[in-house]
>>> print(open('input.txt').read())   # compact mmCIF, C-alpha atoms
# COMPACT_ATOMS: atom_id res chain seq x y z
CA MET A 921 9.61 -4.02 -55.12
CA GLU A 922 9.42 -1.05 -52.80
CA GLU A 923 6.31 1.05 -53.31
CA PHE A 924 6.50 4.76 -54.03
CA ARG A 925 3.55 7.11 -54.32
CA PHE A 926 3.39 8.34 -57.91
CA LEU A 927 1.91 11.75 -58.73
CA ASP A 928 1.50 11.61 -62.50
CA LEU A 929 2.10 14.46 -64.93
CA CYS A 930 0.28 17.55 -63.72
CA VAL A 931 0.50 21.25 -64.45
CA TYR A 932 0.82 24.08 -61.93
CA ASN A 933 2.42 27.48 -61.76
CA ALA A 934 5.95 27.92 -60.41
CA TYR A 935 4.88 28.88 -56.89
CA LYS A 936 2.59 25.91 -56.46
CA ASN A 937 5.11 23.49 -57.96
CA MET A 938 7.85 24.45 -55.54
CA ALA A 939 5.41 24.65 -52.62
CA ILE A 940 4.16 21.12 -53.33
CA ASP A 941 7.71 19.77 -53.32
CA GLU A 942 8.39 21.27 -49.90
CA ALA A 943 4.97 20.26 -48.56
CA ILE A 944 5.74 16.64 -49.43
CA THR A 945 8.99 16.79 -47.46
CA LEU A 946 7.03 18.02 -44.43
CA ALA A 947 4.56 15.14 -44.71
CA ILE A 948 7.35 12.57 -45.11
CA LYS A 949 9.14 14.06 -42.11
CA GLU A 950 6.02 13.43 -40.03
CA GLU A 951 5.86 9.91 -41.49
CA GLU A 952 2.47 10.71 -42.94
CA ALA A 953 3.47 10.32 -46.59
CA PRO A 954 5.43 7.60 -48.35
CA PRO A 955 8.46 8.15 -50.60
CA THR A 956 7.12 10.00 -53.60
CA LEU A 957 7.87 10.60 -57.26
CA ARG A 958 6.04 13.39 -59.02
CA ILE A 959 6.20 14.51 -62.63
CA TYR A 960 5.03 17.97 -63.60
CA ARG A 961 5.06 20.93 -65.95
CA TRP A 962 5.05 24.67 -65.36
CA ARG A 963 2.29 26.95 -66.66
CA PRO A 964 2.96 29.73 -67.22
CA SER A 965 6.49 28.95 -68.31
CA ALA A 966 8.93 29.99 -65.60
CA VAL A 967 12.56 30.43 -64.75
CA SER A 968 13.81 28.94 -61.51
CA ILE A 969 17.11 29.90 -59.94
CA GLY A 970 19.31 28.03 -57.50
CA THR A 971 18.88 28.90 -53.86
CA PHE A 972 22.24 30.69 -53.70
CA GLN A 973 21.87 32.68 -56.89
CA GLY A 974 20.95 36.34 -57.16
CA MET A 975 17.64 36.76 -58.97
CA THR A 976 18.50 40.09 -60.56
CA ASP A 977 22.01 38.82 -61.37
CA GLU A 978 20.63 35.91 -63.34
CA VAL A 979 17.22 36.83 -64.70
CA ASP A 980 15.92 39.65 -66.89
CA LEU A 981 12.84 40.39 -64.79
CA LYS A 982 11.54 43.01 -67.22
CA TYR A 983 11.58 40.50 -70.06
CA CYS A 984 9.86 37.93 -67.83
CA ARG A 985 7.10 40.36 -66.82
CA LEU A 986 6.53 41.47 -70.41
CA ASN A 987 6.33 37.88 -71.60
CA LYS A 988 4.36 36.51 -68.64
CA ILE A 989 7.15 34.22 -67.49
CA ASP A 990 7.17 33.54 -63.75
CA TYR A 991 10.42 33.61 -61.80
CA ILE A 992 11.12 31.74 -58.60
CA ARG A 993 13.91 30.80 -56.21
CA ARG A 994 14.22 27.06 -55.52
CA ILE A 995 15.17 25.53 -52.19
CA THR A 996 17.85 23.59 -54.03
CA GLY A 997 21.23 24.84 -55.18
CA GLY A 998 22.40 24.72 -58.76
CA GLY A 999 21.78 27.09 -61.63
CA ALA A 1000 18.99 28.89 -63.41
CA VAL A 1001 16.59 26.74 -65.44
CA TYR A 1002 14.00 27.84 -67.97
CA HIS A 1003 10.90 25.67 -67.57
CA ASP A 1004 9.25 26.11 -70.95
CA PHE A 1005 5.70 24.75 -70.73
CA GLU A 1006 6.09 23.19 -74.17
CA GLY A 1007 9.73 22.22 -73.88
CA GLU A 1008 10.50 20.32 -70.70
CA VAL A 1009 9.20 17.99 -68.01
CA THR A 1010 10.29 18.22 -64.37
CA TYR A 1011 10.38 15.43 -61.80
CA SER A 1012 10.79 15.46 -58.03
CA LEU A 1013 11.83 12.45 -56.02
CA ILE A 1014 11.44 12.76 -52.26
CA VAL A 1015 12.61 10.09 -49.82
CA PRO A 1016 13.26 10.05 -46.09
CA LYS A 1017 16.86 10.57 -45.00
CA GLY A 1018 18.75 7.30 -44.86
CA HIS A 1019 16.80 5.79 -47.76
CA ARG A 1020 18.84 3.49 -49.99
CA LEU A 1021 18.43 5.92 -52.94
CA ALA A 1022 19.99 8.76 -50.99
CA PRO A 1023 23.26 7.67 -49.39
CA PRO A 1024 25.25 10.27 -47.41
CA ASP A 1025 27.68 10.60 -50.34
CA ILE A 1026 25.95 13.36 -52.28
CA LEU A 1027 27.53 12.67 -55.65
CA LYS A 1028 26.64 9.01 -55.31
CA SER A 1029 23.02 9.85 -54.60
CA TYR A 1030 22.86 12.19 -57.61
CA LYS A 1031 24.18 9.36 -59.74
CA ILE A 1032 21.70 6.83 -58.37
CA ILE A 1033 18.63 9.06 -58.82
CA CYS A 1034 19.77 10.33 -62.22
CA GLY A 1035 19.70 6.66 -63.22
CA GLY A 1036 15.95 7.14 -63.61
CA ILE A 1037 16.46 9.83 -66.26
CA ILE A 1038 19.08 7.75 -68.06
CA GLU A 1039 16.71 4.77 -68.19
CA ALA A 1040 13.84 7.04 -69.37
CA LEU A 1041 16.01 8.33 -72.18
CA LYS A 1042 17.01 4.76 -73.03
CA GLN A 1043 13.32 3.93 -73.40
CA LEU A 1044 13.18 6.79 -75.92
CA LYS A 1045 16.22 5.29 -77.73
CA ILE A 1046 18.63 7.92 -76.46
CA LYS A 1047 21.91 6.77 -74.96
CA ALA A 1048 22.77 9.01 -72.03
CA LYS A 1049 25.04 8.98 -69.01
CA PHE A 1050 25.55 10.77 -65.71
CA ARG A 1051 28.05 13.62 -65.70
CA PRO A 1052 29.06 14.77 -62.25
CA ILE A 1053 28.05 16.86 -60.46
CA ASN A 1054 24.41 16.92 -61.41
CA ASP A 1055 23.88 16.53 -65.15
CA VAL A 1056 22.76 13.86 -67.57
CA VAL A 1057 24.40 14.12 -70.98
CA THR A 1058 24.00 12.49 -74.34
CA ASP A 1059 26.86 12.60 -76.80
CA GLY A 1060 28.58 15.07 -74.46
CA LYS A 1061 25.63 17.48 -74.46
CA LYS A 1062 23.52 18.23 -71.39
CA ILE A 1063 19.93 17.03 -71.70
CA SER A 1064 18.93 17.03 -68.01
CA GLY A 1065 19.94 19.13 -65.01
CA ASN A 1066 19.24 18.10 -61.43
CA ALA A 1067 19.40 19.62 -57.96
CA GLN A 1068 19.14 18.14 -54.51
CA THR A 1069 18.42 19.39 -51.02
CA ARG A 1070 18.54 17.61 -47.71
CA ARG A 1071 16.12 19.06 -45.20
CA ASN A 1072 13.06 18.16 -43.13
CA SER A 1073 14.66 14.75 -42.61
CA CYS A 1074 14.30 14.15 -46.34
CA VAL A 1075 16.31 14.11 -49.49
CA LEU A 1076 14.55 15.92 -52.31
CA GLN A 1077 15.95 15.81 -55.82
CA HIS A 1078 14.25 17.54 -58.67
CA GLY A 1079 15.36 17.98 -62.22
CA THR A 1080 14.43 18.98 -65.72
CA THR A 1081 14.58 16.93 -68.89
CA LEU A 1082 14.59 18.94 -72.08
CA LEU A 1083 12.10 18.12 -74.78
CA ASP A 1084 12.93 21.18 -76.82
CA LEU A 1085 15.35 24.05 -76.61
CA ASP A 1086 15.01 27.63 -77.76
CA VAL A 1087 18.41 29.14 -77.13
CA GLU A 1088 17.38 32.62 -78.26
CA VAL A 1089 14.50 32.74 -75.72
CA MET A 1090 16.75 31.28 -73.03
CA PHE A 1091 19.28 34.06 -73.58
CA SER A 1092 16.50 36.64 -73.44
CA ILE A 1093 15.37 35.40 -70.03
CA LEU A 1094 18.78 34.82 -68.52
CA LYS A 1095 20.75 37.94 -67.89
CA VAL A 1096 23.46 37.83 -70.45
CA PRO A 1097 24.18 41.34 -71.69
CA LYS A 1098 22.32 41.61 -74.98
CA GLU A 1099 25.36 42.96 -76.80
CA LYS A 1100 27.24 39.83 -75.74
CA ILE A 1101 24.70 37.45 -77.20
CA SER A 1102 26.72 36.73 -80.26
CA ASP A 1103 26.03 34.06 -82.81
CA LYS A 1104 29.07 32.30 -81.40
CA MET A 1105 27.57 32.16 -77.90
CA ILE A 1106 24.36 30.71 -79.28
CA GLN A 1107 26.38 28.18 -81.24
CA ASP A 1108 28.38 27.33 -78.09
CA VAL A 1109 25.19 26.61 -76.13
CA LYS A 1110 23.85 24.54 -79.01
CA LYS A 1111 27.04 22.51 -78.82
CA SER A 1112 26.78 21.95 -75.06
CA VAL A 1113 23.02 21.51 -74.53
CA THR A 1114 20.53 19.43 -76.46
CA SER A 1115 16.95 18.21 -76.26
CA ILE A 1116 15.04 15.01 -76.92
CA ARG A 1117 13.39 16.36 -80.06
CA GLU A 1118 16.73 17.50 -81.43
CA VAL A 1119 18.40 14.16 -80.78
CA LEU A 1120 15.55 12.09 -82.18
CA ASP A 1121 14.67 14.57 -84.91
CA ARG A 1122 10.95 14.03 -84.36
CA HIS A 1123 8.12 15.61 -82.40
CA VAL A 1124 8.14 13.68 -79.12
CA GLU A 1125 4.98 14.48 -77.16
CA VAL A 1126 5.09 15.60 -73.54
CA ASP A 1127 3.11 12.51 -72.51
CA GLU A 1128 5.63 10.25 -74.22
CA LEU A 1129 8.39 11.75 -72.09
CA GLY A 1130 6.17 11.55 -69.00
CA ASN A 1131 5.55 7.86 -69.60
CA ALA A 1132 9.24 7.24 -70.23
CA LEU A 1133 10.14 8.97 -66.95
CA GLU A 1134 7.62 6.84 -65.05
CA ALA A 1135 8.97 3.64 -66.57
CA GLY A 1136 12.58 4.79 -66.32
CA PHE A 1137 12.48 5.66 -62.63
CA SER A 1138 10.59 2.48 -61.82
CA LYS A 1139 13.09 0.27 -63.60
CA ALA A 1140 16.34 2.02 -62.66
CA LEU A 1141 15.47 2.62 -59.02
CA LYS A 1142 13.62 -0.69 -58.60
CA ILE A 1143 10.49 0.98 -57.27
CA ASP A 1144 6.85 0.18 -57.81
CA LEU A 1145 5.07 3.42 -58.69
CA VAL A 1146 1.59 3.40 -57.18
CA PRO A 1147 -0.66 6.16 -58.53
CA GLY A 1148 -1.67 8.44 -55.69
CA ALA A 1149 -2.60 11.99 -54.78
CA LEU A 1150 -1.54 14.67 -52.35
CA MET A 1151 -3.11 14.40 -48.93
CA ALA A 1152 -5.18 17.19 -47.42
CA ARG A 1153 -2.35 18.25 -45.12
CA GLU A 1154 0.05 18.44 -48.07
CA TRP A 1155 -2.38 20.66 -49.98
CA ALA A 1156 -2.78 22.86 -46.91
CA ASP A 1157 1.00 23.15 -46.44
CA ALA A 1158 1.47 23.81 -50.15
CA GLN A 1159 -1.11 26.61 -50.08
CA ARG A 1160 0.56 28.14 -47.05
CA LEU A 1161 4.08 27.85 -48.51
CA MET A 1162 2.91 29.28 -51.80
CA LYS A 1163 1.37 32.30 -50.11
CA GLU A 1164 3.96 32.89 -47.41
CA LYS A 1165 7.15 31.91 -49.23
CA TYR A 1166 7.35 31.04 -52.89
CA SER A 1167 5.21 33.86 -54.30
CA THR A 1168 6.87 36.53 -52.18
CA THR A 1169 9.44 39.08 -53.24
CA LYS A 1170 11.15 38.52 -49.89
CA TRP A 1171 11.98 34.93 -50.86
CA ASN A 1172 12.49 35.28 -54.58
CA LEU A 1173 14.68 38.38 -54.41
CA SER A 1174 16.41 37.48 -51.15
CA ARG A 1175 19.79 37.36 -52.89
CA MET B 696 32.74 47.50 -52.65
CA GLY B 697 33.96 44.92 -55.13
CA ASP B 698 32.59 42.04 -57.17
CA SER B 699 34.11 38.92 -58.59
CA ILE B 700 33.02 35.98 -60.66
CA PHE B 701 35.11 32.83 -60.41
CA LYS B 702 34.41 29.64 -62.31
CA VAL B 703 35.82 26.83 -60.23
CA PRO B 704 37.79 24.51 -62.52
CA GLY B 705 35.66 21.38 -62.93
CA GLY B 706 33.08 22.91 -60.60
CA LYS B 707 30.52 25.66 -60.28
CA LEU B 708 30.41 29.45 -60.45
CA LEU B 709 31.09 31.68 -57.45
CA LYS B 710 29.92 35.29 -57.40
CA ILE B 711 31.19 37.47 -54.58
CA LYS B 712 30.00 40.87 -53.47
CA LEU B 713 32.56 42.23 -51.04
CA THR B 714 32.49 45.31 -48.84
CA PRO B 715 36.03 45.64 -47.49
CA SER B 716 37.17 47.76 -44.60
CA GLU B 717 40.88 48.41 -44.99
CA ASP B 718 42.40 44.91 -45.06
CA ARG B 719 39.38 43.14 -43.62
CA ILE B 720 35.98 41.94 -44.75
CA ARG B 721 33.25 44.26 -43.58
CA ALA B 722 30.40 42.44 -45.29
CA ILE B 723 30.15 39.73 -47.90
CA VAL B 724 27.53 38.03 -50.05
CA ILE B 725 28.43 34.70 -51.65
CA LYS B 726 26.29 33.70 -54.60
CA GLY B 727 26.49 31.10 -57.31
CA ASP B 728 25.24 27.79 -58.68
CA PHE B 729 27.15 25.60 -56.23
CA PHE B 730 25.57 23.28 -53.65
CA LEU B 731 25.95 23.54 -49.89
CA TYR B 732 24.31 21.22 -47.37
CA PRO B 733 22.66 22.33 -45.20
CA GLU B 734 21.81 25.42 -47.24
CA GLU B 735 21.36 27.63 -44.16
CA THR B 736 25.11 27.36 -43.57
CA LEU B 737 25.77 30.01 -46.23
CA VAL B 738 24.23 32.92 -44.32
CA ALA B 739 26.07 31.79 -41.19
CA LEU B 740 29.32 31.62 -43.18
CA GLU B 741 28.80 35.14 -44.51
CA GLU B 742 28.28 36.40 -40.96
CA PHE B 743 31.32 34.45 -39.75
CA LEU B 744 33.50 36.06 -42.43
CA ALA B 745 32.67 39.63 -41.39
CA GLY B 746 35.75 41.10 -39.73
CA LYS B 747 38.17 38.48 -41.09
CA GLU B 748 41.46 39.56 -42.59
CA LEU B 749 41.67 39.54 -46.38
CA ASP B 750 44.38 36.93 -46.60
CA GLU B 751 43.71 34.08 -49.01
CA VAL B 752 45.49 31.31 -47.11
CA THR B 753 44.04 32.24 -43.73
CA LEU B 754 40.57 32.69 -45.18
CA ALA B 755 40.67 29.30 -46.88
CA ALA B 756 41.62 27.63 -43.59
CA ASP B 757 39.00 29.58 -41.62
CA ILE B 758 36.26 28.72 -44.13
CA GLN B 759 37.22 25.05 -44.08
CA ASP B 760 37.21 25.01 -40.27
CA PHE B 761 33.82 26.72 -40.22
CA LEU B 762 32.32 24.20 -42.66
CA ASP B 763 33.81 21.27 -40.75
CA GLU B 764 32.45 22.54 -37.46
CA ALA B 765 29.02 23.10 -38.99
CA GLY B 766 29.12 19.60 -40.49
CA ALA B 767 28.44 21.23 -43.85
CA LYS B 768 29.27 19.85 -47.28
CA LEU B 769 30.18 22.14 -50.15
CA VAL B 770 29.75 20.62 -53.61
CA GLY B 771 31.07 22.20 -56.80
CA ALA B 772 33.47 24.52 -54.99
CA GLY B 773 35.87 24.32 -52.07
CA ALA B 774 36.90 26.56 -49.19
CA ALA B 775 40.03 27.58 -51.10
CA ASP B 776 37.89 28.55 -54.12
CA ILE B 777 35.73 30.82 -51.98
CA ALA B 778 38.85 32.42 -50.48
CA LYS B 779 40.28 32.94 -53.94
CA ALA B 780 37.03 34.48 -55.21
CA ILE B 781 36.91 36.82 -52.20
CA LEU B 782 40.42 38.09 -52.91
CA MET B 783 39.49 38.55 -56.56
CA ALA B 784 36.71 40.90 -55.46
CA MET B 785 39.13 43.32 -53.78
>>> encode(input="input.txt", output="structure tokens")
Amino acid sequence: MEEFRFLDLCVYNAYKNMAIDEAITLAIKEEEAPPTLRIYRWRPSAVSIGTFQGMTDEVDLKYCRLNKIDYIRRITGGGAVYHDFEGEVTYSLIVPKGHRLAPPDILKSYKIICGGIIEALKQLKIKAKFRPINDVVTDGKKISGNAQTRRNSCVLQHGTTLLDLDVEVMFSILKVPKEKISDKMIQDVKKSVTSIREVLDRHVEVDELGNALEAGFSKALKIDLVPGALMAREWADAQRLMKEKYSTTKWNLSR
Amino acid sequence: MGDSIFKVPGGKLLKIKLTPSEDRIRAIVIKGDFFLYPEETLVALEEFLAGKELDEVTLAADIQDFLDEAGAKLVGAGAADIAKAILMAM
């Protein structure tokens, strides 16, 4: 089986997490790093928005500051995601352009890579399927959202898998006019989004999901995950990107 | 100055901030949860649209031509959806 570098479950803040993802694409572009899968969490909890979204349109920054929730713009499109430290696990899969897992047909590549999430959920006894464009659903409810960019001669796809869901907190972070947050809206979200703990009705640990993602990606994508670490140049690029891009108002509030 | 929010049927959300000048676009910002590859194409598209006439059919064709020439792929919305959202912001 093809070998991928595997960066096992680790915890960083939002700026470092997004900087690491981009740093890996730079190293792969220079053919210094192999295709990579990383699994990670966000501490402090953070909200990430799609690259084309308006930060102040989508996020209640005052609420975030008061509650020590970071906010960041991704390099990928898609929507706003709340990365609750206790309630989700994120993955990033980065391969060079032209790799078999990332065909030119974008929807096809979403489907292929999301196969890893579907297999991970299967390992947890949850039956899920891909829902175009970029979601994984179980029983019609979204349980994982994914986003992809193609740059630096790479395809990078990252995504969240929900362990838990606090709709009230989500609505506090995302900019929905407070007077519009009706019980009905909360019920509507509960009908369209779910989490692993809700589906299984038990306390699934973060590590259990992490292990399922590792096994799921390996099996579905037919890749051998070899434990590894970031190289010195990736750390250096990540530090630079964190300082010069991802932690800056210029980037995060650019739209 | 006008705003619009358009949920593309079966697709993503488009949010337009339009500054018109008579019957033309003076400036425009296109936001939303759609995907566009390469991403840098969006700023170029916004610049390209400045000065264009606010006519939905013409705009849709111009946007499509621009994306084709740039070799860009829009996912979750189409050129016609952007044109429609722009007109909604008038």
>>> atom_distance(input="input.txt", atom1="atom CA of A:Val1124", atom2="atom CA of A:Arg963")
19.1 Å
>>> residues_around(input="input.txt", residues="stretch 1057-1062 of chain A", least_positions_apart="3", cutoff="10 Å", atoms="all atoms listed in the file", output="ChimeraX atom specification")
/A:1038,1041,1046-1052,1054,1065,1081-1082,1109-1116,1119
>>> closest_residue(input="input.txt", among="B:Leu754, B:Val724, B:Met783, B:Ala765", to="B:Ser699", atoms="only C-alpha atoms")
B:Met783
>>> closest_atom_pairs(input="input.txt", of="chain A", to="chain B", cutoff="10 Å", atoms="all atoms listed in the file", output="tab-separated table")
residue	atom	partner	partner_atom	distance
A:Ile969	CA	B:Asp728	CA	8.5
A:Gly970	CA	B:Asp728	CA	6.1
A:Thr971	CA	B:Glu734	CA	8.0
A:Phe972	CA	B:Lys726	CA	5.1
A:Gln973	CA	B:Gly727	CA	4.9
A:Gly974	CA	B:Lys726	CA	6.5
A:Asp977	CA	B:Lys726	CA	9.5
A:Glu978	CA	B:Gly727	CA	9.7
A:Ile995	CA	B:Glu734	CA	8.3
A:Thr996	CA	B:Phe730	CA	7.7
A:Gly997	CA	B:Phe730	CA	4.9
A:Gly998	CA	B:Asp728	CA	4.2
A:Gly999	CA	B:Asp728	CA	4.6
A:Ala1000	CA	B:Asp728	CA	7.9
A:Asp1025	CA	B:Lys768	CA	9.9
A:Ile1026	CA	B:Val770	CA	8.3
A:Leu1027	CA	B:Val770	CA	8.5
A:Pro1052	CA	B:Gly706	CA	9.2
A:Ile1053	CA	B:Gly771	CA	7.1
A:Asn1054	CA	B:Gly771	CA	9.7
A:Ala1067	CA	B:Phe730	CA	8.4
A:Gln1068	CA	B:Phe730	CA	8.3
A:Thr1069	CA	B:Tyr732	CA	7.2
A:Arg1070	CA	B:Pro733	CA	6.7
A:Arg1071	CA	B:Pro733	CA	7.3
A:Arg1175	CA	B:Lys726	CA	7.7
>>> residues_near_point(input="input.txt", point="(13.7, 11.1, -51.0)", cutoff="10 Å", atoms="all atoms listed in the file", output="compact mmCIF listing (two decimals) with C-alpha atoms, keeping the file's coordinate frame")
# COMPACT_ATOMS: atom_id res chain seq x y z
CA ILE A 944 5.74 16.64 -49.43
CA THR A 945 8.99 16.79 -47.46
CA ILE A 948 7.35 12.57 -45.11
CA PRO A 954 5.43 7.60 -48.35
CA PRO A 955 8.46 8.15 -50.60
CA THR A 956 7.12 10.00 -53.60
CA LEU A 957 7.87 10.60 -57.26
CA SER A 1012 10.79 15.46 -58.03
CA LEU A 1013 11.83 12.45 -56.02
CA ILE A 1014 11.44 12.76 -52.26
CA VAL A 1015 12.61 10.09 -49.82
CA PRO A 1016 13.26 10.05 -46.09
CA LYS A 1017 16.86 10.57 -45.00
CA GLY A 1018 18.75 7.30 -44.86
CA HIS A 1019 16.80 5.79 -47.76
CA ARG A 1020 18.84 3.49 -49.99
CA LEU A 1021 18.43 5.92 -52.94
CA ALA A 1022 19.99 8.76 -50.99
CA ILE A 1033 18.63 9.06 -58.82
CA GLN A 1068 19.14 18.14 -54.51
CA THR A 1069 18.42 19.39 -51.02
CA ARG A 1070 18.54 17.61 -47.71
CA SER A 1073 14.66 14.75 -42.61
CA CYS A 1074 14.30 14.15 -46.34
CA VAL A 1075 16.31 14.11 -49.49
CA LEU A 1076 14.55 15.92 -52.31
CA GLN A 1077 15.95 15.81 -55.82
